[in-house]
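Trainee: The file below is structure_14.csv, CSV, C-alpha atoms and all ligand atoms:
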chain,number,residue,atom,x,y,z
Y,31,MET,CA,-4.0,72.4,130.7
Y,32,ILE,CA,-3.3,71.6,127.0
Y,33,GLU,CA,-3.7,75.3,126.1
Y,34,LEU,CA,-1.1,76.1,128.8
Y,35,LEU,CA,1.3,73.5,127.5
Y,36,ALA,CA,0.9,75.0,123.9
Y,37,ASN,CA,1.7,78.5,125.2
Y,38,LEU,CA,4.6,77.2,127.2
Y,39,GLN,CA,6.2,75.3,124.2
Y,40,PRO,CA,8.4,78.2,122.9
Y,41,LEU,CA,9.5,79.0,126.5
Y,42,ILE,CA,10.3,75.3,127.2
Y,43,LEU,CA,12.4,75.3,124.0
Y,44,VAL,CA,14.4,78.5,124.7
Y,45,GLY,CA,14.7,77.6,128.5
Y,46,MET,CA,16.1,74.2,127.6
Y,47,LEU,CA,18.6,75.7,125.1
Y,48,ILE,CA,19.9,78.1,127.7
Y,49,LEU,CA,20.0,75.5,130.5
Y,50,MET,CA,21.8,72.9,128.4
Y,51,TYR,CA,24.2,75.5,126.9
Y,52,GLY,CA,25.1,76.6,130.5
Y,53,ILE,CA,25.6,73.0,131.7
Y,54,GLU,CA,27.7,71.9,128.8
Y,55,ASN,CA,30.0,74.9,129.1
Y,56,MET,CA,30.6,74.3,132.8
Y,57,ARG,CA,31.0,70.5,132.5
Y,58,PRO,CA,31.7,69.5,128.9
Y,59,TYR,CA,31.5,65.8,128.2
Y,60,LEU,CA,33.7,65.8,125.1
Y,61,GLN,CA,36.3,68.4,124.0
Y,62,LYS,CA,34.7,71.7,123.0
Y,63,ALA,CA,35.2,73.1,119.5
Y,64,PRO,CA,38.6,74.9,119.2
Y,65,ASN,CA,36.7,77.9,117.7
Y,66,GLN,CA,33.7,77.5,119.9
Y,67,LYS,CA,32.4,81.1,119.8
Y,68,GLN,CA,32.4,81.1,116.0
Y,69,HIS,CA,30.9,77.6,115.9
Y,70,ASP,CA,28.1,78.6,118.2
Y,71,LEU,CA,27.3,81.9,116.5
Y,72,ARG,CA,27.1,80.1,113.1
Y,73,ASN,CA,24.8,77.5,114.5
Y,74,ALA,CA,22.7,80.2,116.2
Y,75,GLY,CA,22.3,81.9,112.9
Y,76,MET,CA,21.1,78.7,111.1
Y,77,SER,CA,18.9,77.9,114.1
Y,78,LEU,CA,17.3,81.3,114.0
Y,79,ILE,CA,16.3,80.8,110.3
Y,80,SER,CA,14.9,77.4,111.1
Y,81,PHE,CA,13.1,78.7,114.2
Y,82,VAL,CA,11.3,81.5,112.3
Y,83,ILE,CA,10.3,79.2,109.4
Y,84,ASN,CA,9.2,76.5,111.8
Y,85,GLY,CA,7.0,79.0,113.6
Y,86,LEU,CA,5.3,80.1,110.4
Y,87,LEU,CA,4.8,76.5,109.2
Y,88,GLY,CA,3.5,75.6,112.7
Y,89,LEU,CA,0.5,77.7,111.9
Y,90,GLY,CA,-0.2,75.7,108.8
Y,91,VAL,CA,0.2,72.4,110.8
Y,92,LEU,CA,-2.3,73.7,113.4
Y,93,VAL,CA,-4.8,74.3,110.6
Y,94,SER,CA,-4.3,70.7,109.5
Y,95,VAL,CA,-4.9,69.5,113.1
Y,96,GLU,CA,-8.2,71.6,113.2
Y,97,TRP,CA,-9.3,70.3,109.8
Y,98,THR,CA,-8.6,66.7,110.8
Y,99,ALA,CA,-10.7,67.1,114.0
Y,100,ALA,CA,-13.6,68.9,112.2
Y,101,ASN,CA,-13.7,66.2,109.5
Y,102,GLN,CA,-12.9,63.2,111.7
Y,103,PHE,CA,-10.3,62.2,109.2
Y,104,GLY,CA,-7.4,59.7,109.7
Y,105,ILE,CA,-6.8,56.3,111.4
Y,106,LEU,CA,-7.4,57.3,115.0
Y,107,ASN,CA,-10.7,59.0,114.2
Y,108,GLN,CA,-12.1,55.8,112.8
Y,109,ILE,CA,-11.9,54.0,116.1
Y,110,THR,CA,-13.4,54.9,119.5
Y,111,LEU,CA,-10.8,54.8,122.2
Y,112,PRO,CA,-10.4,56.3,125.7
Y,113,ASN,CA,-8.6,59.7,125.4
Y,114,TRP,CA,-5.4,58.6,127.1
Y,115,VAL,CA,-5.1,55.6,124.8
Y,116,GLU,CA,-5.6,57.8,121.7
Y,117,ILE,CA,-2.9,60.2,122.9
Y,118,ILE,CA,-0.4,57.4,123.5
Y,119,LEU,CA,-1.1,55.8,120.1
Y,120,GLY,CA,-1.0,59.2,118.4
Y,121,VAL,CA,2.4,60.0,120.0
Y,122,LEU,CA,3.7,56.6,118.9
Y,123,LEU,CA,2.4,57.1,115.3
Y,124,ILE,CA,3.9,60.5,114.9
Y,125,ASP,CA,7.3,59.2,116.1
Y,126,LEU,CA,7.1,56.2,113.9
Y,127,GLY,CA,6.4,58.5,110.9
Y,128,SER,CA,9.3,60.7,112.0
Y,129,TYR,CA,11.6,57.6,112.1
Y,130,GLY,CA,10.5,56.7,108.5
Y,131,MET,CA,11.0,60.3,107.3
Y,132,HIS,CA,14.4,60.6,108.9
Y,133,ASN,CA,15.4,57.2,107.5
Y,134,LEU,CA,14.4,58.3,104.0
Y,135,SER,CA,16.3,61.6,104.4
Y,136,HIS,CA,19.5,59.4,104.6
Y,137,ARG,CA,18.5,57.0,101.8
Y,138,ILE,CA,17.1,59.4,99.1
Y,139,PRO,CA,20.1,61.4,97.7
Y,140,LEU,CA,18.0,64.6,97.1
Y,141,LEU,CA,16.8,64.6,100.7
Y,142,TRP,CA,20.3,63.7,102.0
Y,143,ARG,CA,21.7,66.8,100.3
Y,144,PHE,CA,19.5,69.0,102.6
Y,145,HIS,CA,19.9,66.8,105.7
Y,146,ARG,CA,23.7,67.0,105.4
Y,147,VAL,CA,23.5,70.5,106.9
Y,148,HIS,CA,22.5,69.0,110.2
Y,149,HIS,CA,25.1,66.3,110.0
Y,150,SER,CA,28.0,68.3,108.9
Y,151,ASP,CA,28.6,69.9,112.3
Y,152,PRO,CA,31.9,68.6,113.5
Y,153,ASN,CA,31.4,69.7,117.2
Y,154,LEU,CA,28.0,68.7,118.6
Y,155,ASN,CA,26.5,70.8,121.3
Y,156,ALA,CA,23.1,72.4,122.3
Y,157,THR,CA,23.5,74.9,119.3
Y,158,SER,CA,23.5,71.9,116.9
Y,159,SER,CA,19.9,70.9,117.9
Y,160,LEU,CA,18.1,73.3,115.5
Y,161,ARG,CA,20.8,73.5,112.8
Y,162,PHE,CA,18.8,72.5,109.7
Y,163,HIS,CA,18.6,73.8,106.1
Y,164,PRO,CA,15.4,75.9,105.7
Y,165,PHE,CA,14.2,73.6,102.8
Y,166,GLU,CA,14.5,70.6,105.1
Y,167,VAL,CA,12.4,72.4,107.8
Y,168,VAL,CA,9.7,73.1,105.2
Y,169,LEU,CA,9.7,69.4,104.1
Y,170,THR,CA,10.0,67.5,107.4
Y,171,GLN,CA,8.6,69.9,109.9
Y,172,GLY,CA,6.0,71.4,107.7
Y,173,ILE,CA,4.7,69.2,104.9
Y,174,TYR,CA,5.5,65.9,106.7
Y,175,GLN,CA,3.9,67.0,110.0
Y,176,ALA,CA,0.7,68.3,108.2
Y,177,ALA,CA,0.4,65.1,106.2
Y,178,ALA,CA,1.0,62.8,109.3
Y,179,VAL,CA,-1.6,64.7,111.3
Y,180,VAL,CA,-4.2,64.1,108.6
Y,181,LEU,CA,-3.2,60.5,107.8
Y,182,PHE,CA,-3.0,59.4,111.5
Y,183,GLY,CA,-5.9,61.5,112.7
Y,184,ILE,CA,-3.8,63.3,115.3
Y,185,SER,CA,-5.7,65.5,117.8
Y,186,MET,CA,-4.6,68.9,119.1
Y,187,PRO,CA,-3.7,67.5,122.6
Y,188,THR,CA,-1.7,64.7,121.1
Y,189,PHE,CA,0.2,67.1,118.8
Y,190,ILE,CA,1.0,69.5,121.6
Y,191,ILE,CA,2.1,66.7,124.0
Y,192,TYR,CA,4.4,65.2,121.4
Y,193,GLY,CA,6.0,68.6,120.9
Y,194,CYS,CA,6.5,69.0,124.6
Y,195,ILE,CA,8.3,65.6,124.7
Y,196,ALA,CA,10.3,65.9,121.5
Y,197,LEU,CA,11.6,69.4,121.6
Y,198,PRO,CA,13.4,69.3,124.9
Y,199,LEU,CA,14.6,65.8,124.2
Y,200,ILE,CA,16.2,66.9,120.8
Y,201,ILE,CA,18.1,69.6,122.7
Y,202,LEU,CA,19.3,67.1,125.3
Y,203,GLN,CA,20.4,64.7,122.7
Y,204,HIS,CA,22.7,67.2,121.0
Y,205,SER,CA,24.1,68.8,124.1
Y,206,ASN,CA,27.7,68.1,125.1
Y,207,VAL,CA,26.7,66.2,128.2
Y,208,LYS,CA,26.9,62.7,129.5
Y,209,TRP,CA,24.2,61.1,131.6
Y,210,PRO,CA,25.5,58.7,134.3
Y,211,ASP,CA,25.4,55.1,133.1
Y,212,TRP,CA,22.7,54.1,135.6
Y,213,ILE,CA,20.3,56.6,134.0
Y,214,GLU,CA,21.5,56.4,130.4
Y,215,GLN,CA,21.4,52.6,130.0
Y,216,PRO,CA,17.9,51.8,131.3
Y,217,THR,CA,16.4,55.0,129.7
Y,218,ARG,CA,17.7,54.1,126.2
Y,219,TYR,CA,15.5,51.0,126.2
Y,220,ILE,CA,12.6,53.4,125.6
Y,221,PHE,CA,13.9,57.0,124.8
Y,222,ALA,CA,16.6,58.2,122.4
Y,223,THR,CA,19.0,59.5,125.1
Y,224,PRO,CA,22.0,61.8,124.5
Y,225,GLY,CA,24.4,58.8,124.4
Y,226,TRP,CA,22.1,57.0,121.9
Y,227,HIS,CA,21.5,59.9,119.5
Y,228,LYS,CA,25.2,61.1,119.3
Y,229,ILE,CA,26.1,57.8,117.5
Y,230,HIS,CA,23.8,59.1,114.6
Y,231,HIS,CA,26.3,62.1,114.2
Y,232,SER,CA,29.3,59.9,113.6
Y,233,ASP,CA,31.3,60.6,110.4
Y,234,ASP,CA,31.4,56.8,109.8
Y,235,ARG,CA,28.6,56.3,107.3
Y,236,PRO,CA,27.2,53.0,108.7
Y,237,LEU,CA,26.8,54.7,112.1
Y,238,THR,CA,25.4,57.9,110.5
Y,239,ASP,CA,22.8,55.7,108.9
Y,240,SER,CA,21.6,54.3,112.2
Y,241,HIS,CA,19.7,55.6,115.4
Y,242,PHE,CA,17.0,57.4,113.4
Y,243,GLY,CA,14.4,57.6,116.2
Y,244,ASP,CA,13.5,61.1,117.4
Y,245,VAL,CA,11.9,60.2,120.7
Y,246,PHE,CA,11.7,56.4,121.1
Y,247,THR,CA,14.4,53.8,120.4
Y,248,PHE,CA,12.2,50.8,119.7
Y,249,TRP,CA,11.8,51.7,116.0
Y,250,ASP,CA,15.5,51.4,115.5
Y,251,ARG,CA,15.5,48.1,117.5
Y,252,ILE,CA,12.5,46.7,115.5
Y,253,PHE,CA,14.0,47.7,112.1
Y,254,GLY,CA,17.6,46.8,113.0
Y,255,THR,CA,19.0,50.3,112.6
Y,256,TRP,CA,21.0,50.6,115.8
Y,257,ARG,CA,24.7,49.9,116.5
Y,258,PRO,CA,26.4,49.2,119.9
Y,259,THR,CA,28.9,52.1,119.9
Y,260,ARG,CA,30.0,54.7,122.5
Y,261,PRO,CA,30.0,58.4,121.7
Y,262,GLU,CA,33.6,58.8,122.9
Y,263,ASP,CA,34.8,56.4,120.2
Y,264,ILE,CA,33.4,58.4,117.3
Y,265,GLN,CA,34.2,61.6,115.3
Y,266,TYR,CA,31.3,63.9,114.6
Y,267,GLY,CA,30.4,65.5,111.3
Y,268,LEU,CA,30.9,64.6,107.7
Y,269,THR,CA,34.4,64.0,106.5
Y,270,GLU,CA,34.0,66.1,103.3
Y,271,PHE,CA,32.8,69.2,105.2
Y,272,LYS,CA,35.1,69.5,108.2
Y,273,GLU,CA,37.2,72.4,106.9
Y,274,ASP,CA,36.4,75.7,108.7
Y,275,SER,CA,35.6,77.4,105.4
Y,276,LYS,CA,32.9,74.8,104.7
Y,277,GLN,CA,31.2,75.6,108.1
Y,278,SER,CA,30.1,79.2,107.3
Y,279,ILE,CA,26.4,79.9,107.1
Y,280,GLY,CA,26.7,80.9,103.5
Y,281,TYR,CA,28.4,77.6,102.5
Y,282,GLN,CA,26.0,75.5,104.5
Y,283,MET,CA,22.9,77.2,102.9
Y,284,MET,CA,24.3,76.5,99.5
Y,285,LEU,CA,25.5,73.0,100.4
Y,286,PRO,CA,22.5,71.1,99.0
Y,287,PHE,CA,23.1,72.8,95.6
Y,288,ARG,CA,26.8,72.0,95.3
Y,289,LYS,CA,28.1,69.4,92.9
Y,290,ASN,CA,29.7,67.1,95.6
Y,301,ZN,ZN,20.1,62.2,110.3
Could you write out this file's structure as structure tokens?
Ligand SMILES: [Zn+2]

Mentor:
Amino acid sequence: MIELLANLQPLILVGMLILMYGIENMRPYLQKAPNQKQHDLRNAGMSLISFVINGLLGLGVLVSVEWTAANQFGILNQITLPNWVEIILGVLLIDLGSYGMHNLSHRIPLLWRFHRVHHSDPNLNATSSLRFHPFEVVLTQGIYQAAAVVLFGISMPTFIIYGCIALPLIILQHSNVKWPDWIEQPTRYIFATPGWHKIHHSDDRPLTDSHFGDVFTFWDRIFGTWRPTRPEDIQYGLTEFKEDSKQSIGYQMMLPFRKN
């Protein structure tokens, strides 16, 4: 079952991207980008770079999962728990770590320089989901994940199950869709829904620096980093990079190294 899930992960990711791209183009929630084709192609280019690097790094992370199991290293390997409890705790720990890493990416100026590539998209849609600078992919999806696996003692089933929850959810969060309130409101007590995460893409810095949770919302609630705002009341992107000339792949790849 776990092996099947692992093999299906790339298919789930691509299938979800195609599905959400189709839905948001048929029934867009907020206004589409005026130059949508160019916007989507640029994001697709940046996503492809991230996807390839992520795939290569994934092999390294899998080695760290195997090493952790073989050496019984990390927090969860020090206690005996039923399998299902260990999986739930492992999923929570990875997500808490991601929350911390994401929060730091906003607070540490050097990390923010790279993370700005994801935030500078002025028109959020499914193609924004994987728009990251390659160096950020190396840091947060490679080095961080490998370290978190070892520190927390994450098992292979837990790692794969977390991926199967997080990846489709990340695509959902960025898609230009709106869930009906009767689904959105109760779900966001636990999960970072599309309406919840979009607030994180506001160009208003106090809102940008909120809603850090990848999968669960309770980290933001516990640490007081959430704001009661509606996506339709915000403007996406970063004010200093909204000009079309600053949205090209070349500009975005050099963005972390620019003076401003
Ligand atoms: Zn962010």

Trainee: So the first atom is CA of Arg260 in chain Y and the second is CA of His136 in chain Y; what is the distance between them in Å, to one decimal place?

Mentor: 21.3 Å

Trainee: To check your reading of the model: which residues sit at most 12 Å from ligand ZN 301 (chain Y) when counting all atoms listed in the file? Write the answer as a PyMOL selection string.

Mentor: chain Y and resi 128-138+141-151+159+161-162+166+170+227-233+235-244+267-268

Trainee: Produce a table with one row for each residue of range 134-252 of chain Y that has an atom at most 9 Å from any atom of range 89-108 of chain Y, each row naming the nearest atom pair and its distance in Å at one decimal; use all atoms listed in the file; arrange rows by chain and rising residue number; format as CSV.

Mentor:
residue,atom,partner,partner_atom,distance
Y:Gln171,CA,Y:Val91,CA,8.8
Y:Gly172,CA,Y:Val91,CA,6.7
Y:Ile173,CA,Y:Val91,CA,8.1
Y:Gln175,CA,Y:Val91,CA,6.6
Y:Ala176,CA,Y:Val91,CA,4.9
Y:Ala177,CA,Y:Ser94,CA,8.0
Y:Ala178,CA,Y:Gly104,CA,9.0
Y:Val179,CA,Y:Val95,CA,6.1
Y:Val180,CA,Y:Gly104,CA,5.6
Y:Leu181,CA,Y:Gly104,CA,4.7
Y:Phe182,CA,Y:Gly104,CA,4.8
Y:Gly183,CA,Y:Gly104,CA,3.8
Y:Ile184,CA,Y:Val95,CA,6.7
Y:Ser185,CA,Y:Val95,CA,6.2
Y:Met186,CA,Y:Val95,CA,6.0
Y:Phe189,CA,Y:Val95,CA,8.0

Trainee: Distance CA of Asp234 in chain Y-CA of Met76 in chain Y, one decimal place?

Mentor: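 Distance between the two atoms: 24.2 Å.
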
Trainee: I want to know what sits within 9 Å of Phe246 in chain Y, based on only C-alpha atoms, with residues of the same chain fewer than 6 positions away left out; could you give that as a list in words?

Mentor: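 The contact residues come out as Leu122, Asp125, Leu126, Arg218, Tyr219, Ile220, Phe221, Ala222 and Thr223 of chain Y.
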
Trainee: When distances are computed from all atoms listed in the file, which of Y:Gly225, Y:Lys62, Y:Gly88, Y:Ile32 shows the smallest separation from Lys208 in chain Y?

Mentor: Y:Gly225

Trainee: Closest to Lys67 in chain Y among Y:Asn37, Y:Gln265, Y:Thr188, Y:Asn155, using all atoms listed in the file?

Mentor: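 Checking each of Y:Asn37, Y:Gln265, Y:Thr188, Y:Asn155 against Lys67 in chain Y, counting all atoms listed in the file, the winner is Y:Asn155.
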
Trainee: Could you check which of Y:Thr157, Y:Phe287, Y:Arg257, Y:Trp212 is closest to Leu71 in chain Y, using all atoms listed in the file?

Mentor: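 Of the candidates, the smallest distance to Leu71 in chain Y is held by Y:Thr157.
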
Trainee: State, in Å with one decimal place, the distance from CA of Pro258 in chain Y to CA of Pro198 in chain Y.

Mentor: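 Going from CA of Pro258 in chain Y over to CA of Pro198 in chain Y covers 24.5 Å.
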
Trainee: Find, counting only C-alpha atoms, the residue in Y:Trp226, Y:Ile42, Y:His69, Y:Ile190 that gets nearest to Trp256 in chain Y.

Mentor: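 Counting only C-alpha atoms, the residue closest to Trp256 in chain Y is Y:Trp226.
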
Trainee: Calculated over all atoms listed in the file, which of the candidates Y:Ser205, Y:Ser275, Y:Thr255, Y:Ser158 has the smallest distance to Leu49 in chain Y?

Mentor: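 That would be Y:Ser205, the residue with the smallest distance to Leu49 in chain Y.
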
Trainee: Restricting the calculation to all atoms listed in the file: of Y:Met50, Y:Val115, Y:Val121, Y:Ile83, which residue gets closest to Ile191 in chain Y?

Mentor: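 That would be Y:Val121, the residue with the smallest distance to Ile191 in chain Y.
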